[in-house]
Amino acid sequence: ESLLEETNKSKIDSDVLQNIAVTLSLEVGRTSLKIRDIMSLSQGSVVELSKLAGEPLDLLVNNTRVAQGEVVLVGDRYGVKLTNVVPASERVKNL
């Protein structure tokens, strides 16, 4: 392939990659429960999570942490203000 063809191919691949939809989620915390404990949950039950109040929340892309932040209100919707972002080289490696 010529250099021009390789350059065009890289551009096309980059354009395609940038248009792929991914799932973005904000994780408040996690916990492990036994099935018997899950079966006993009812309305009003409280499940304690791993994070302490005030700790940054994890921003995940396809279940991989890419940043941490805090919940903010944007009008009448929730948003996330990023406080720590994983370096781009690490993000790409982990996705």
# chains A, B, ... in the order shown; residues from 1 in each chain; ligands from 1
$ residues_around --residues "range 58-74 of chain A" --least-positions-apart "4" --cutoff "9 Å" --atoms "only C-alpha atoms" --output "PyMOL selection string"
chain A and resi 22-29+54+78-88+90-91+94-95
$ write_last_selection --atoms "N, CA and C atoms" --output "compact mmCIF listing (two decimals), in the first residue's frame"
# COMPACT_ATOMS: atom_id res chain seq x y z
N VAL A 22 -20.86 3.69 23.09
CA VAL A 22 -20.44 2.93 24.25
C VAL A 22 -21.41 3.25 25.40
N THR A 23 -21.40 2.42 26.42
CA THR A 23 -22.26 2.64 27.57
C THR A 23 -21.46 3.36 28.65
N LEU A 24 -21.98 4.49 29.07
CA LEU A 24 -21.36 5.29 30.12
C LEU A 24 -22.21 5.16 31.37
N SER A 25 -21.58 4.83 32.50
CA SER A 25 -22.35 4.69 33.74
C SER A 25 -21.56 5.27 34.90
N LEU A 26 -22.26 5.61 35.95
CA LEU A 26 -21.66 6.15 37.16
C LEU A 26 -21.93 5.17 38.28
N GLU A 27 -20.86 4.69 38.90
CA GLU A 27 -21.02 3.67 39.94
C GLU A 27 -20.89 4.32 41.31
N VAL A 28 -21.94 4.18 42.10
CA VAL A 28 -21.98 4.72 43.45
C VAL A 28 -21.20 3.82 44.39
N GLY A 29 -21.24 2.53 44.18
CA GLY A 29 -20.54 1.56 45.02
C GLY A 29 -20.98 0.16 44.67
N GLY A 54 -19.10 10.84 50.41
CA GLY A 54 -18.13 11.86 50.06
C GLY A 54 -17.00 11.38 49.16
N TYR A 78 -29.47 14.89 36.66
CA TYR A 78 -28.19 14.63 37.29
C TYR A 78 -27.09 14.70 36.25
N GLY A 79 -25.91 15.11 36.68
CA GLY A 79 -24.71 15.11 35.86
C GLY A 79 -23.55 14.67 36.71
N VAL A 80 -22.36 14.62 36.14
CA VAL A 80 -21.18 14.26 36.90
C VAL A 80 -20.07 15.26 36.59
N LYS A 81 -19.49 15.82 37.62
CA LYS A 81 -18.35 16.73 37.49
C LYS A 81 -17.09 15.90 37.71
N LEU A 82 -16.24 15.83 36.67
CA LEU A 82 -15.05 14.98 36.76
C LEU A 82 -14.01 15.62 37.66
N THR A 83 -13.49 14.83 38.59
CA THR A 83 -12.47 15.31 39.52
C THR A 83 -11.12 14.64 39.27
N ASN A 84 -11.12 13.50 38.59
CA ASN A 84 -9.90 12.78 38.30
C ASN A 84 -10.15 11.96 37.03
N VAL A 85 -9.29 12.12 36.03
CA VAL A 85 -9.46 11.40 34.77
C VAL A 85 -8.26 10.48 34.56
N VAL A 86 -8.55 9.23 34.20
CA VAL A 86 -7.48 8.27 33.90
C VAL A 86 -6.78 8.77 32.64
N PRO A 87 -5.43 8.76 32.60
CA PRO A 87 -4.72 9.22 31.40
C PRO A 87 -5.19 8.50 30.15
N ALA A 88 -5.22 9.22 29.02
CA ALA A 88 -5.74 8.68 27.76
C ALA A 88 -5.06 7.37 27.39
N GLU A 90 -3.88 5.06 29.29
CA GLU A 90 -4.42 3.99 30.12
C GLU A 90 -5.86 3.66 29.73
N ARG A 91 -6.66 4.69 29.40
CA ARG A 91 -8.04 4.46 29.00
C ARG A 91 -8.11 3.60 27.78
N ASN A 94 -7.22 -0.08 28.39
CA ASN A 94 -8.18 -0.85 29.17
C ASN A 94 -9.52 -1.07 28.48
N LEU A 95 -9.78 -0.36 27.37
CA LEU A 95 -11.09 -0.51 26.71
C LEU A 95 -11.15 -1.67 25.78
$ closest_residue --among "A:Asp76, A:Asp15, A:Glu55, A:Glu48" --to "Arg30 in chain A" --atoms "only C-alpha atoms"
A:Glu48
$ closest_residue --among "A:Leu33, A:Arg77, A:Asn19, A:Ser14" --to "Ser50 in chain A" --atoms "only C-alpha atoms"
A:Leu33
$ select_by_dssp --residues "chain A" --states "strand (DSSP E or B)" --output "VMD selection string"
chain A and resid 24 to 27 57 to 61 64 to 74 77 to 85
$ atom_distance --atom1 "CA of Ile35 in chain A" --atom2 "CA of Val47 in chain A"
13.4 Å
$ select_by_dssp --residues "chain A" --states "helix (DSSP H, G or I)" --output "PDB file with all heavy atoms, in the first residue's frame"
ATOM      1  N   LEU A   3       1.742   5.233   0.950  1.00  0.00           N
ATOM      2  CA  LEU A   3       1.606   6.024   2.168  1.00  0.00           C
ATOM      3  C   LEU A   3       0.257   6.740   2.204  1.00  0.00           C
ATOM      4  O   LEU A   3      -0.398   6.812   3.245  1.00  0.00           O
ATOM      5  CB  LEU A   3       2.753   7.030   2.261  1.00  0.00           C
ATOM      6  CG  LEU A   3       2.820   7.868   3.531  1.00  0.00           C
ATOM      7  CD1 LEU A   3       2.872   6.965   4.758  1.00  0.00           C
ATOM      8  CD2 LEU A   3       4.032   8.766   3.503  1.00  0.00           C
ATOM      9  N   LEU A   4      -0.202   7.232   1.034  1.00  0.00           N
ATOM     10  CA  LEU A   4      -1.490   7.915   0.953  1.00  0.00           C
ATOM     11  C   LEU A   4      -2.631   6.962   1.306  1.00  0.00           C
ATOM     12  O   LEU A   4      -3.541   7.313   2.053  1.00  0.00           O
ATOM     13  CB  LEU A   4      -1.703   8.502  -0.449  1.00  0.00           C
ATOM     14  CG  LEU A   4      -3.008   9.259  -0.672  1.00  0.00           C
ATOM     15  CD1 LEU A   4      -3.128  10.422   0.310  1.00  0.00           C
ATOM     16  CD2 LEU A   4      -3.089   9.776  -2.090  1.00  0.00           C
ATOM     17  N   GLU A   5      -2.564   5.722   0.776  1.00  0.00           N
ATOM     18  CA  GLU A   5      -3.620   4.751   1.084  1.00  0.00           C
ATOM     19  C   GLU A   5      -3.621   4.420   2.568  1.00  0.00           C
ATOM     20  O   GLU A   5      -4.675   4.298   3.185  1.00  0.00           O
ATOM     21  CB  GLU A   5      -3.420   3.473   0.264  1.00  0.00           C
ATOM     22  CG  GLU A   5      -3.740   3.649  -1.211  1.00  0.00           C
ATOM     23  CD  GLU A   5      -3.360   2.419  -2.027  1.00  0.00           C
ATOM     24  OE1 GLU A   5      -2.458   1.666  -1.603  1.00  0.00           O
ATOM     25  OE2 GLU A   5      -3.975   2.224  -3.082  1.00  0.00           O
ATOM     26  N   GLU A   6      -2.420   4.274   3.173  1.00  0.00           N
ATOM     27  CA  GLU A   6      -2.344   3.976   4.598  1.00  0.00           C
ATOM     28  C   GLU A   6      -2.894   5.136   5.420  1.00  0.00           C
ATOM     29  O   GLU A   6      -3.606   4.935   6.400  1.00  0.00           O
ATOM     30  CB  GLU A   6      -0.895   3.684   5.008  1.00  0.00           C
ATOM     31  CG  GLU A   6      -0.426   2.319   4.558  1.00  0.00           C
ATOM     32  CD  GLU A   6       0.981   2.004   5.047  1.00  0.00           C
ATOM     33  OE1 GLU A   6       1.381   2.547   6.106  1.00  0.00           O
ATOM     34  OE2 GLU A   6       1.664   1.234   4.378  1.00  0.00           O
ATOM     35  N   THR A   7      -2.587   6.366   5.016  1.00  0.00           N
ATOM     36  CA  THR A   7      -3.092   7.546   5.720  1.00  0.00           C
ATOM     37  C   THR A   7      -4.611   7.603   5.629  1.00  0.00           C
ATOM     38  O   THR A   7      -5.296   7.842   6.621  1.00  0.00           O
ATOM     39  CB  THR A   7      -2.469   8.828   5.128  1.00  0.00           C
ATOM     40  OG1 THR A   7      -1.057   8.734   5.243  1.00  0.00           O
ATOM     41  CG2 THR A   7      -2.960  10.056   5.876  1.00  0.00           C
ATOM     42  N   ASN A   8      -5.162   7.384   4.433  1.00  0.00           N
ATOM     43  CA  ASN A   8      -6.618   7.392   4.263  1.00  0.00           C
ATOM     44  C   ASN A   8      -7.273   6.285   5.073  1.00  0.00           C
ATOM     45  O   ASN A   8      -8.322   6.474   5.667  1.00  0.00           O
ATOM     46  CB  ASN A   8      -6.991   7.266   2.785  1.00  0.00           C
ATOM     47  CG  ASN A   8      -6.725   8.546   2.024  1.00  0.00           C
ATOM     48  OD1 ASN A   8      -6.628   9.616   2.619  1.00  0.00           O
ATOM     49  ND2 ASN A   8      -6.591   8.445   0.710  1.00  0.00           N
ATOM     50  N   LYS A   9      -6.640   5.105   5.099  1.00  0.00           N
ATOM     51  CA  LYS A   9      -7.189   3.977   5.853  1.00  0.00           C
ATOM     52  C   LYS A   9      -7.215   4.321   7.347  1.00  0.00           C
ATOM     53  O   LYS A   9      -8.191   4.068   8.031  1.00  0.00           O
ATOM     54  CB  LYS A   9      -6.344   2.729   5.607  1.00  0.00           C
ATOM     55  CG  LYS A   9      -6.903   1.483   6.239  1.00  0.00           C
ATOM     56  CD  LYS A   9      -6.057   0.281   5.865  1.00  0.00           C
ATOM     57  CE  LYS A   9      -6.612  -0.979   6.486  1.00  0.00           C
ATOM     58  NZ  LYS A   9      -5.793  -2.140   6.196  1.00  0.00           N
ATOM     59  N   SER A  10      -6.148   4.942   7.858  1.00  0.00           N
ATOM     60  CA  SER A  10      -6.096   5.339   9.261  1.00  0.00           C
ATOM     61  C   SER A  10      -7.184   6.353   9.565  1.00  0.00           C
ATOM     62  O   SER A  10      -7.818   6.304  10.608  1.00  0.00           O
ATOM     63  CB  SER A  10      -4.734   5.931   9.602  1.00  0.00           C
ATOM     64  OG  SER A  10      -3.743   4.947   9.505  1.00  0.00           O
ATOM     65  N   LYS A  11      -7.421   7.297   8.667  1.00  0.00           N
ATOM     66  CA  LYS A  11      -8.456   8.307   8.877  1.00  0.00           C
ATOM     67  C   LYS A  11      -9.831   7.661   8.926  1.00  0.00           C
ATOM     68  O   LYS A  11     -10.626   7.974   9.800  1.00  0.00           O
ATOM     69  CB  LYS A  11      -8.406   9.352   7.763  1.00  0.00           C
ATOM     70  CG  LYS A  11      -9.555  10.340   7.814  1.00  0.00           C
ATOM     71  CD  LYS A  11      -9.085  11.749   7.753  1.00  0.00           C
ATOM     72  CE  LYS A  11     -10.186  12.751   7.719  1.00  0.00           C
ATOM     73  NZ  LYS A  11     -11.037  12.775   8.872  1.00  0.00           N
ATOM     74  N   ILE A  12     -10.079   6.747   8.017  1.00  0.00           N
ATOM     75  CA  ILE A  12     -11.377   6.065   8.004  1.00  0.00           C
ATOM     76  C   ILE A  12     -11.553   5.279   9.297  1.00  0.00           C
ATOM     77  O   ILE A  12     -12.593   5.356   9.939  1.00  0.00           O
ATOM     78  CB  ILE A  12     -11.499   5.140   6.776  1.00  0.00           C
ATOM     79  CG1 ILE A  12     -11.576   5.989   5.504  1.00  0.00           C
ATOM     80  CG2 ILE A  12     -12.722   4.239   6.894  1.00  0.00           C
ATOM     81  CD1 ILE A  12     -11.440   5.207   4.227  1.00  0.00           C
ATOM     82  N   ASP A  13     -10.535   4.554   9.711  1.00  0.00           N
ATOM     83  CA  ASP A  13     -10.639   3.774  10.939  1.00  0.00           C
ATOM     84  C   ASP A  13     -10.898   4.692  12.133  1.00  0.00           C
ATOM     85  O   ASP A  13     -11.701   4.379  12.996  1.00  0.00           O
ATOM     86  CB  ASP A  13      -9.372   2.957  11.171  1.00  0.00           C
ATOM     87  CG  ASP A  13      -9.209   1.841  10.151  1.00  0.00           C
ATOM     88  OD1 ASP A  13     -10.177   1.516   9.453  1.00  0.00           O
ATOM     89  OD2 ASP A  13      -8.093   1.309  10.078  1.00  0.00           O
ATOM     90  N   SER A  14     -10.226   5.819  12.178  1.00  0.00           N
ATOM     91  CA  SER A  14     -10.408   6.778  13.265  1.00  0.00           C
ATOM     92  C   SER A  14     -11.835   7.314  13.263  1.00  0.00           C
ATOM     93  O   SER A  14     -12.471   7.419  14.305  1.00  0.00           O
ATOM     94  CB  SER A  14      -9.408   7.925  13.130  1.00  0.00           C
ATOM     95  OG  SER A  14      -9.658   8.898  14.106  1.00  0.00           O
ATOM     96  N   ASP A  15     -12.349   7.660  12.086  1.00  0.00           N
ATOM     97  CA  ASP A  15     -13.727   8.154  11.988  1.00  0.00           C
ATOM     98  C   ASP A  15     -14.722   7.092  12.453  1.00  0.00           C
ATOM     99  O   ASP A  15     -15.672   7.390  13.177  1.00  0.00           O
ATOM    100  CB  ASP A  15     -14.058   8.571  10.556  1.00  0.00           C
ATOM    101  CG  ASP A  15     -13.331   9.846  10.140  1.00  0.00           C
ATOM    102  OD1 ASP A  15     -12.838  10.564  11.034  1.00  0.00           O
ATOM    103  OD2 ASP A  15     -13.253  10.101   8.921  1.00  0.00           O
ATOM    104  N   VAL A  16     -14.505   5.869  12.038  1.00  0.00           N
ATOM    105  CA  VAL A  16     -15.401   4.772  12.433  1.00  0.00           C
ATOM    106  C   VAL A  16     -15.339   4.579  13.939  1.00  0.00           C
ATOM    107  O   VAL A  16     -16.365   4.479  14.612  1.00  0.00           O
ATOM    108  CB  VAL A  16     -15.036   3.464  11.693  1.00  0.00           C
ATOM    109  CG1 VAL A  16     -15.781   2.276  12.279  1.00  0.00           C
ATOM    110  CG2 VAL A  16     -15.334   3.595  10.207  1.00  0.00           C
ATOM    111  N   LEU A  17     -14.132   4.551  14.500  1.00  0.00           N
ATOM    112  CA  LEU A  17     -13.979   4.349  15.933  1.00  0.00           C
ATOM    113  C   LEU A  17     -14.660   5.448  16.735  1.00  0.00           C
ATOM    114  O   LEU A  17     -15.301   5.182  17.751  1.00  0.00           O
ATOM    115  CB  LEU A  17     -12.494   4.295  16.313  1.00  0.00           C
ATOM    116  CG  LEU A  17     -11.771   3.011  15.960  1.00  0.00           C
ATOM    117  CD1 LEU A  17     -10.288   3.135  16.298  1.00  0.00           C
ATOM    118  CD2 LEU A  17     -12.378   1.828  16.698  1.00  0.00           C
ATOM    119  N   GLN A  18     -14.535   6.679  16.289  1.00  0.00           N
ATOM    120  CA  GLN A  18     -15.105   7.787  17.040  1.00  0.00           C
ATOM    121  C   GLN A  18     -16.628   7.799  17.012  1.00  0.00           C
ATOM    122  O   GLN A  18     -17.254   8.486  17.824  1.00  0.00           O
ATOM    123  CB  GLN A  18     -14.545   9.110  16.517  1.00  0.00           C
ATOM    124  CG  GLN A  18     -13.072   9.262  16.859  1.00  0.00           C
ATOM    125  CD  GLN A  18     -12.508  10.584  16.410  1.00  0.00           C
ATOM    126  OE1 GLN A  18     -13.226  11.565  16.270  1.00  0.00           O
ATOM    127  NE2 GLN A  18     -11.209  10.610  16.183  1.00  0.00           N
ATOM    128  N   ILE A  35     -27.452 -15.063  48.054  1.00  0.00           N
ATOM    129  CA  ILE A  35     -28.774 -15.137  47.420  1.00  0.00           C
ATOM    130  C   ILE A  35     -29.877 -15.058  48.467  1.00  0.00           C
ATOM    131  O   ILE A  35     -30.882 -14.378  48.266  1.00  0.00           O
ATOM    132  CB  ILE A  35     -28.892 -16.390  46.529  1.00  0.00           C
ATOM    133  CG1 ILE A  35     -27.979 -16.210  45.322  1.00  0.00           C
ATOM    134  CG2 ILE A  35     -30.340 -16.631  46.113  1.00  0.00           C
ATOM    135  CD1 ILE A  35     -27.961 -17.358  44.353  1.00  0.00           C
ATOM    136  N   ARG A  36     -29.689 -15.699  49.621  1.00  0.00           N
ATOM    137  CA  ARG A  36     -30.737 -15.646  50.663  1.00  0.00           C
ATOM    138  C   ARG A  36     -30.970 -14.198  51.128  1.00  0.00           C
ATOM    139  O   ARG A  36     -32.083 -13.820  51.441  1.00  0.00           O
ATOM    140  CB  ARG A  36     -30.421 -16.574  51.830  1.00  0.00           C
ATOM    141  CG  ARG A  36     -29.314 -16.128  52.713  1.00  0.00           C
ATOM    142  CD  ARG A  36     -29.214 -16.997  53.986  1.00  0.00           C
ATOM    143  NE  ARG A  36     -27.895 -16.842  54.564  1.00  0.00           N
ATOM    144  CZ  ARG A  36     -26.894 -17.701  54.411  1.00  0.00           C
ATOM    145  NH1 ARG A  36     -27.060 -18.799  53.696  1.00  0.00           N
ATOM    146  NH2 ARG A  36     -25.732 -17.475  54.961  1.00  0.00           N
ATOM    147  N   ASP A  37     -29.886 -13.392  51.148  1.00  0.00           N
ATOM    148  CA  ASP A  37     -30.040 -11.988  51.544  1.00  0.00           C
ATOM    149  C   ASP A  37     -30.782 -11.197  50.462  1.00  0.00           C
ATOM    150  O   ASP A  37     -31.590 -10.326  50.769  1.00  0.00           O
ATOM    151  CB  ASP A  37     -28.674 -11.362  51.822  1.00  0.00           C
ATOM    152  CG  ASP A  37     -27.966 -12.018  52.995  1.00  0.00           C
ATOM    153  OD1 ASP A  37     -28.662 -12.486  53.929  1.00  0.00           O
ATOM    154  OD2 ASP A  37     -26.721 -12.086  52.973  1.00  0.00           O
ATOM    155  N   ILE A  38     -30.497 -11.509  49.200  1.00  0.00           N
ATOM    156  CA  ILE A  38     -31.195 -10.846  48.089  1.00  0.00           C
ATOM    157  C   ILE A  38     -32.673 -11.207  48.106  1.00  0.00           C
ATOM    158  O   ILE A  38     -33.536 -10.357  47.891  1.00  0.00           O
ATOM    159  CB  ILE A  38     -30.543 -11.211  46.744  1.00  0.00           C
ATOM    160  CG1 ILE A  38     -29.130 -10.621  46.686  1.00  0.00           C
ATOM    161  CG2 ILE A  38     -31.383 -10.723  45.567  1.00  0.00           C
ATOM    162  CD1 ILE A  38     -28.304 -11.096  45.515  1.00  0.00           C
ATOM    163  N   MET A  39     -32.973 -12.463  48.397  1.00  0.00           N
ATOM    164  CA  MET A  39     -34.359 -12.923  48.422  1.00  0.00           C
ATOM    165  C   MET A  39     -35.152 -12.260  49.552  1.00  0.00           C
ATOM    166  O   MET A  39     -36.364 -12.143  49.459  1.00  0.00           O
ATOM    167  CB  MET A  39     -34.418 -14.448  48.569  1.00  0.00           C
ATOM    168  CG  MET A  39     -33.771 -15.196  47.409  1.00  0.00           C
ATOM    169  SD  MET A  39     -34.488 -14.813  45.818  1.00  0.00           S
ATOM    170  CE  MET A  39     -36.075 -15.577  45.985  1.00  0.00           C
ATOM    171  N   ALA A  88      -5.218   9.216  29.018  1.00  0.00           N
ATOM    172  CA  ALA A  88      -5.743   8.682  27.759  1.00  0.00           C
ATOM    173  C   ALA A  88      -5.058   7.369  27.386  1.00  0.00           C
ATOM    174  O   ALA A  88      -5.718   6.434  26.911  1.00  0.00           O
ATOM    175  CB  ALA A  88      -5.563   9.708  26.640  1.00  0.00           C
ATOM    176  N   SER A  89      -3.755   7.270  27.574  1.00  0.00           N
ATOM    177  CA  SER A  89      -3.046   6.041  27.206  1.00  0.00           C
ATOM    178  C   SER A  89      -3.561   4.848  28.005  1.00  0.00           C
ATOM    179  O   SER A  89      -3.699   3.747  27.482  1.00  0.00           O
ATOM    180  CB  SER A  89      -1.541   6.204  27.405  1.00  0.00           C
ATOM    181  OG  SER A  89      -1.260   6.512  28.763  1.00  0.00           O
ATOM    182  N   GLU A  90      -3.878   5.065  29.288  1.00  0.00           N
ATOM    183  CA  GLU A  90      -4.418   3.991  30.125  1.00  0.00           C
ATOM    184  C   GLU A  90      -5.856   3.662  29.729  1.00  0.00           C
ATOM    185  O   GLU A  90      -6.261   2.504  29.732  1.00  0.00           O
ATOM    186  CB  GLU A  90      -4.360   4.382  31.608  1.00  0.00           C
ATOM    187  CG  GLU A  90      -2.976   4.462  32.160  1.00  0.00           C
ATOM    188  CD  GLU A  90      -2.270   3.117  32.170  1.00  0.00           C
ATOM    189  OE1 GLU A  90      -2.885   2.113  32.595  1.00  0.00           O
ATOM    190  OE2 GLU A  90      -1.104   3.059  31.749  1.00  0.00           O
ATOM    191  N   ARG A  91      -6.656   4.686  29.405  1.00  0.00           N
ATOM    192  CA  ARG A  91      -8.044   4.465  29.005  1.00  0.00           C
ATOM    193  C   ARG A  91      -8.108   3.596  27.775  1.00  0.00           C
ATOM    194  O   ARG A  91      -8.879   2.642  27.711  1.00  0.00           O
ATOM    195  CB  ARG A  91      -8.755   5.790  28.723  1.00  0.00           C
ATOM    196  CG  ARG A  91      -9.178   6.522  29.959  1.00  0.00           C
ATOM    197  CD  ARG A  91      -9.887   7.800  29.618  1.00  0.00           C
ATOM    198  NE  ARG A  91      -8.892   8.859  29.534  1.00  0.00           N
ATOM    199  CZ  ARG A  91      -9.057   9.982  28.903  1.00  0.00           C
ATOM    200  NH1 ARG A  91     -10.159  10.236  28.240  1.00  0.00           N
ATOM    201  NH2 ARG A  91      -8.112  10.902  28.897  1.00  0.00           N
ATOM    202  N   VAL A  92      -7.302   3.909  26.762  1.00  0.00           N
ATOM    203  CA  VAL A  92      -7.314   3.151  25.510  1.00  0.00           C
ATOM    204  C   VAL A  92      -6.881   1.719  25.754  1.00  0.00           C
ATOM    205  O   VAL A  92      -7.461   0.784  25.226  1.00  0.00           O
ATOM    206  CB  VAL A  92      -6.413   3.841  24.444  1.00  0.00           C
ATOM    207  CG1 VAL A  92      -6.231   2.962  23.232  1.00  0.00           C
ATOM    208  CG2 VAL A  92      -7.013   5.185  24.063  1.00  0.00           C
ATOM    209  N   LYS A  93      -5.875   1.543  26.589  1.00  0.00           N
ATOM    210  CA  LYS A  93      -5.344   0.202  26.859  1.00  0.00           C
ATOM    211  C   LYS A  93      -6.381  -0.686  27.540  1.00  0.00           C
ATOM    212  O   LYS A  93      -6.463  -1.872  27.289  1.00  0.00           O
ATOM    213  CB  LYS A  93      -4.098   0.321  27.734  1.00  0.00           C
ATOM    214  CG  LYS A  93      -3.307  -0.938  27.875  1.00  0.00           C
ATOM    215  CD  LYS A  93      -1.931  -0.776  28.511  1.00  0.00           C
ATOM    216  CE  LYS A  93      -1.830   0.253  29.588  1.00  0.00           C
ATOM    217  NZ  LYS A  93      -0.524   0.262  30.259  1.00  0.00           N
ATOM    218  N   ASN A  94      -7.216  -0.085  28.390  1.00  0.00           N
ATOM    219  CA  ASN A  94      -8.179  -0.854  29.168  1.00  0.00           C
ATOM    220  C   ASN A  94      -9.520  -1.066  28.476  1.00  0.00           C
ATOM    221  O   ASN A  94     -10.350  -1.800  28.973  1.00  0.00           O
ATOM    222  CB  ASN A  94      -8.406  -0.176  30.529  1.00  0.00           C
ATOM    223  CG  ASN A  94      -7.183  -0.272  31.401  1.00  0.00           C
ATOM    224  OD1 ASN A  94      -6.439  -1.247  31.343  1.00  0.00           O
ATOM    225  ND2 ASN A  94      -6.956   0.742  32.206  1.00  0.00           N
TER     226      ASN A  94
END
$ decode --residues "range 64-71 of chain A" --atoms "all heavy atoms" --output "compact mmCIF listing (two decimals), in the first residue's frame"
# COMPACT_ATOMS: atom_id res chain seq x y z
N THR A 64 -15.35 -0.18 32.39
CA THR A 64 -13.95 0.15 32.66
C THR A 64 -13.89 1.57 33.20
O THR A 64 -14.43 2.50 32.58
CB THR A 64 -13.10 0.05 31.36
OG1 THR A 64 -13.15 -1.29 30.88
CG2 THR A 64 -11.67 0.44 31.61
N ARG A 65 -13.24 1.76 34.35
CA ARG A 65 -13.15 3.09 34.95
C ARG A 65 -12.30 4.01 34.10
O ARG A 65 -11.17 3.69 33.75
CB ARG A 65 -12.57 3.02 36.36
CG ARG A 65 -12.59 4.38 37.07
CD ARG A 65 -12.25 4.27 38.55
NE ARG A 65 -10.92 3.77 38.79
CZ ARG A 65 -9.85 4.56 38.95
NH1 ARG A 65 -9.96 5.86 38.87
NH2 ARG A 65 -8.68 4.03 39.18
N VAL A 66 -12.85 5.16 33.72
CA VAL A 66 -12.13 6.15 32.93
C VAL A 66 -11.96 7.46 33.69
O VAL A 66 -11.15 8.30 33.31
CB VAL A 66 -12.80 6.40 31.57
CG1 VAL A 66 -12.77 5.15 30.71
CG2 VAL A 66 -14.19 6.94 31.72
N ALA A 67 -12.74 7.64 34.77
CA ALA A 67 -12.64 8.87 35.54
C ALA A 67 -13.36 8.68 36.86
O ALA A 67 -14.04 7.67 37.09
CB ALA A 67 -13.27 10.04 34.77
N GLN A 68 -13.19 9.69 37.72
CA GLN A 68 -13.94 9.74 38.97
C GLN A 68 -14.55 11.14 39.06
O GLN A 68 -14.04 12.09 38.46
CB GLN A 68 -13.03 9.50 40.17
CG GLN A 68 -12.54 8.06 40.25
CD GLN A 68 -11.66 7.87 41.46
OE1 GLN A 68 -10.71 8.61 41.68
NE2 GLN A 68 -11.99 6.87 42.26
N GLY A 69 -15.64 11.24 39.79
CA GLY A 69 -16.28 12.54 39.89
C GLY A 69 -17.32 12.59 40.97
O GLY A 69 -17.45 11.67 41.78
N GLU A 70 -18.05 13.68 40.96
CA GLU A 70 -19.12 13.88 41.94
C GLU A 70 -20.40 14.25 41.21
O GLU A 70 -20.38 14.83 40.14
CB GLU A 70 -18.73 14.98 42.93
CG GLU A 70 -18.38 16.30 42.29
CD GLU A 70 -17.76 17.28 43.26
OE1 GLU A 70 -16.92 16.88 44.07
OE2 GLU A 70 -18.12 18.48 43.16
N VAL A 71 -21.51 13.88 41.81
CA VAL A 71 -22.82 14.15 41.22
C VAL A 71 -23.14 15.63 41.35
O VAL A 71 -22.90 16.24 42.40
CB VAL A 71 -23.91 13.30 41.90
CG1 VAL A 71 -25.29 13.67 41.38
CG2 VAL A 71 -23.65 11.82 41.68
